[in-house]
Amino acid sequence: MTKQITTILFDCDNTLVLSETLAFEACADLTNEILARQNVPQRFTGPQLQAEFVGQSFQDMVHEIPRCEIYDFKTPLSAAALQHYASMEDDRVIAKLAQKLTPCDGANDVLAELVRARRFHLAVVSGSALRRVRVSLEKAGQSGFFDRDEVFSASCSLEIPVSKPDPAIYRHAVRALGRVPRECVAVEDSRSGVLAARGGRDSGGWVYGGVGGGGEREEMGRVLVEAGCAVVMEHWREFAGCLEGIQRMVEEA
């Protein structure tokens, strides 16, 4: 049984790149158009959507909104309509990301050092559409750190699309890479992502999360730990130390 971490699986949005706020701005515009067409007077801002639906796909979010009584849709959305809006959302989000996206502070330096060291295999495991992830990595200057075929999407890489916290995308990625969970570390920033990486807490993999800055970081750190994070970092400069800590946990397990 291996006692070494060999593979690091990175979430993309707000883990490697600062995309969530931009994405939810675009998503809120489209969501409000849908609400207007349904004669629903309430509207969302980007931060409201982000607080309520972070980690979920646009399709899951639009499914969830009508379940709240105040957002009652007069006419349920058909599968075709939902797919149409999902395509629109992809286009609008990608356009905004291609214009404004930046990498998370310190992430590129860490990735460059990992590639130079050649100690770990690196891959991306995202809940976002593959086209969006690739545009994000390119815009952030990160595409060269990952093999193109080792960027995995919960909505595009599986025969049946899922959203995190469904662990199917992590299980798929680990199999595709020829690894086993106990030699993998996942880096996530949300509860749904941590739960997906943990595979329902029984996959044997290790997870640590980044909570970033802001006044809510202490609470977010608590949420990540409760979801199953072994270690939480507040900035990418802490990455190497966190990874060493997880390696010690692996050796002692």
# chains A, B, ... in the order shown; residues from 1 in each chain; ligands from 1
>>> closest_atom_pairs(of="segment 10-66 of chain A", to="segment 138-145 of chain A", cutoff="10 Å", atoms="only C-alpha atoms", output="CSV")
residue,atom,partner,partner_atom,distance
A:Leu16,CA,A:Gln142,CA,8.5
A:Val17,CA,A:Ala140,CA,6.7
A:Leu18,CA,A:Ala140,CA,9.0
>>> closest_atom_pairs(of="segment 206-240 of chain A", to="segment 7-12 of chain A", cutoff="10 Å", atoms="only C-alpha atoms", output="tab-separated table")
residue	atom	partner	partner_atom	distance
A:Trp206	CA	A:Ile8	CA	9.7
A:Val207	CA	A:Leu9	CA	9.3
A:Gly209	CA	A:Asp11	CA	9.7
>>> select_by_dssp(residues="segment 40-233 of chain A", states="strand (DSSP E)", output="VMD selection string")
chain A and resid 121 to 126 151 to 153 184 to 188 206 to 210 231 to 233
>>> select_by_dssp(residues="segment 74-230 of chain A", states="helix (DSSP H, G or I)", output="JSON, numbers by chain")
{"A": [79, 80, 81, 82, 83, 84, 85, 86, 87, 88, 89, 90, 91, 92, 93, 94, 95, 96, 97, 98, 99, 100, 107, 108, 109, 110, 111, 112, 113, 114, 115, 116, 117, 130, 131, 132, 133, 134, 135, 136, 137, 138, 139, 143, 144, 145, 148, 149, 150, 168, 169, 170, 171, 172, 173, 174, 175, 176, 181, 182, 183, 191, 192, 193, 194, 195, 196, 197, 198, 217, 218, 219, 220, 221, 222, 223, 224, 225, 226, 227]}
>>> residues_around(residues="Arg171 of chain A", least_positions_apart="6", cutoff="10 Å", atoms="only C-alpha atoms", output="list in words")
Arg179, Val180, Pro181, Ala196, Ala197, Arg198, Gly199 and Ser203 of chain A
>>> residues_around(residues="Leu97 of chain A", least_positions_apart="3", cutoff="7 Å", atoms="only C-alpha atoms", output="list in words")
Ser19, Leu22, Val93, Ile94, Lys100, Leu101 and Ser136 of chain A
>>> write_last_selection(atoms="all heavy atoms", output="mmCIF file, in the first residue's frame")
data_model
loop_
_atom_site.group_PDB
_atom_site.id
_atom_site.type_symbol
_atom_site.label_atom_id
_atom_site.label_comp_id
_atom_site.auth_asym_id
_atom_site.auth_seq_id
_atom_site.Cartn_x
_atom_site.Cartn_y
_atom_site.Cartn_z
ATOM 1 N N SER A 19 -12.942 33.345 -10.367
ATOM 2 C CA SER A 19 -13.988 33.309 -11.383
ATOM 3 C C SER A 19 -15.405 33.386 -10.843
ATOM 4 O O SER A 19 -16.322 33.785 -11.563
ATOM 5 C CB SER A 19 -13.861 32.013 -12.193
ATOM 6 O OG SER A 19 -13.893 30.888 -11.323
ATOM 7 N N LEU A 22 -17.333 36.823 -10.990
ATOM 8 C CA LEU A 22 -17.617 37.180 -12.374
ATOM 9 C C LEU A 22 -18.693 36.282 -12.958
ATOM 10 O O LEU A 22 -19.616 36.747 -13.644
ATOM 11 C CB LEU A 22 -16.338 37.071 -13.204
ATOM 12 C CG LEU A 22 -15.199 38.005 -12.833
ATOM 13 C CD1 LEU A 22 -13.945 37.660 -13.632
ATOM 14 C CD2 LEU A 22 -15.594 39.453 -13.064
ATOM 15 N N VAL A 93 -20.982 33.670 -19.408
ATOM 16 C CA VAL A 93 -19.950 33.552 -18.381
ATOM 17 C C VAL A 93 -18.568 33.523 -19.016
ATOM 18 O O VAL A 93 -17.639 34.213 -18.569
ATOM 19 C CB VAL A 93 -20.182 32.300 -17.516
ATOM 20 C CG1 VAL A 93 -18.968 32.027 -16.626
ATOM 21 C CG2 VAL A 93 -21.428 32.473 -16.662
ATOM 22 N N ILE A 94 -18.412 32.743 -20.068
ATOM 23 C CA ILE A 94 -17.110 32.620 -20.713
ATOM 24 C C ILE A 94 -16.647 33.967 -21.266
ATOM 25 O O ILE A 94 -15.469 34.329 -21.156
ATOM 26 C CB ILE A 94 -17.165 31.545 -21.819
ATOM 27 C CG1 ILE A 94 -17.210 30.158 -21.160
ATOM 28 C CG2 ILE A 94 -15.972 31.653 -22.762
ATOM 29 C CD1 ILE A 94 -17.514 29.032 -22.112
ATOM 30 N N LYS A 100 -12.136 39.488 -17.933
ATOM 31 C CA LYS A 100 -11.769 40.023 -16.626
ATOM 32 C C LYS A 100 -11.067 39.062 -15.672
ATOM 33 O O LYS A 100 -10.560 39.488 -14.633
ATOM 34 C CB LYS A 100 -13.025 40.547 -15.914
ATOM 35 C CG LYS A 100 -13.702 41.712 -16.610
ATOM 36 C CD LYS A 100 -14.890 42.198 -15.783
ATOM 37 C CE LYS A 100 -15.551 43.416 -16.396
ATOM 38 N NZ LYS A 100 -16.686 43.889 -15.551
ATOM 39 N N LEU A 101 -11.036 37.778 -15.961
ATOM 40 C CA LEU A 101 -10.557 36.796 -14.992
ATOM 41 C C LEU A 101 -9.076 36.971 -14.673
ATOM 42 O O LEU A 101 -8.260 37.293 -15.537
ATOM 43 C CB LEU A 101 -10.819 35.385 -15.518
ATOM 44 C CG LEU A 101 -10.352 34.233 -14.632
ATOM 45 C CD1 LEU A 101 -11.394 33.129 -14.595
ATOM 46 C CD2 LEU A 101 -9.025 33.671 -15.155
ATOM 47 N N SER A 136 -10.721 29.601 -18.702
ATOM 48 C CA SER A 136 -10.233 30.142 -17.430
ATOM 49 C C SER A 136 -8.741 29.866 -17.252
ATOM 50 O O SER A 136 -7.961 30.761 -16.882
ATOM 51 C CB SER A 136 -11.022 29.550 -16.262
ATOM 52 O OG SER A 136 -12.375 29.920 -16.315
#
>>> residues_around(residues="Asp109 of chain A", least_positions_apart="4", cutoff="12 Å", atoms="only C-alpha atoms", output="list in words")
Leu16, Pro103, Cys104, Asp105, Glu113, Leu114, Val115, Arg116, Ala140, Gly141, Gln142, Phe145, His235, Trp236, Arg237, Glu238, Phe239 and Ala240 of chain A
>>> write_last_selection(atoms="N, CA and C atoms", output="compact mmCIF listing (two decimals), in the first residue's frame")
# COMPACT_ATOMS: atom_id res chain seq x y z
N LEU A 16 -8.13 27.92 -8.23
CA LEU A 16 -7.02 28.34 -9.09
C LEU A 16 -7.23 29.74 -9.66
N PRO A 103 -5.83 34.99 -12.02
CA PRO A 103 -5.55 33.83 -11.17
C PRO A 103 -5.68 34.19 -9.69
N CYS A 104 -5.93 33.21 -8.86
CA CYS A 104 -5.87 33.43 -7.42
C CYS A 104 -4.45 33.82 -7.04
N ASP A 105 -4.33 34.75 -6.11
CA ASP A 105 -3.04 35.28 -5.73
C ASP A 105 -2.10 34.18 -5.24
N GLU A 113 6.20 25.92 -9.48
CA GLU A 113 7.16 25.19 -8.65
C GLU A 113 6.85 23.69 -8.65
N LEU A 114 5.57 23.32 -8.60
CA LEU A 114 5.20 21.91 -8.65
C LEU A 114 5.64 21.26 -9.96
N VAL A 115 5.46 21.98 -11.06
CA VAL A 115 5.86 21.46 -12.36
C VAL A 115 7.38 21.32 -12.42
N ARG A 116 8.10 22.32 -11.91
CA ARG A 116 9.57 22.25 -11.91
C ARG A 116 10.06 21.06 -11.09
N ALA A 140 -5.79 32.74 -17.23
CA ALA A 140 -4.99 32.88 -16.00
C ALA A 140 -3.53 32.49 -16.18
N GLY A 141 -3.17 32.03 -17.38
CA GLY A 141 -1.79 31.61 -17.61
C GLY A 141 -1.46 30.28 -16.97
N GLN A 142 -2.46 29.40 -16.85
CA GLN A 142 -2.27 28.12 -16.15
C GLN A 142 -2.41 26.90 -17.05
N PHE A 145 0.31 24.18 -17.26
CA PHE A 145 0.64 23.37 -16.09
C PHE A 145 -0.07 22.02 -16.09
N HIS A 235 -4.02 31.23 2.12
CA HIS A 235 -3.33 31.83 0.98
C HIS A 235 -2.46 30.74 0.36
N TRP A 236 -2.20 30.88 -0.94
CA TRP A 236 -1.40 29.89 -1.64
C TRP A 236 0.02 29.78 -1.09
N ARG A 237 0.51 30.82 -0.41
CA ARG A 237 1.85 30.72 0.16
C ARG A 237 1.93 29.61 1.22
N GLU A 238 0.77 29.18 1.73
CA GLU A 238 0.73 28.13 2.75
C GLU A 238 0.67 26.73 2.16
N PHE A 239 0.62 26.64 0.83
CA PHE A 239 0.37 25.36 0.16
C PHE A 239 1.41 24.30 0.51
N ALA A 240 2.68 24.65 0.39
CA ALA A 240 3.73 23.65 0.61
C ALA A 240 3.67 23.08 2.02
>>> residues_around(residues="segment 23-33 of chain A", least_positions_apart="4", cutoff="7 Å", atoms="only C-alpha atoms", output="PyMOL selection string")
chain A and resi 19+37+43-46+49-50+89+92-93
>>> atom_distance(atom1="atom CA of Asp13 of chain A", atom2="atom CA of Thr102 of chain A")
10.9 Å
>>> residues_around(residues="Pro165 of chain A", least_positions_apart="6", cutoff="6 Å", atoms="only C-alpha atoms", output="list of chain:residue names")
A:Ser192, A:Gly193, A:Leu195, A:Ala196
>>> atom_distance(atom1="atom CA of Gly228 of chain A", atom2="atom CA of Gly106 of chain A")
24.2 Å
>>> atom_distance(atom1="atom CA of Ser190 of chain A", atom2="atom CA of Tyr170 of chain A")
14.8 Å
>>> closest_residue(among="A:Asp147, A:Glu159, A:Glu20, A:Glu52", to="Lys96 of chain A", atoms="only C-alpha atoms")
A:Glu20
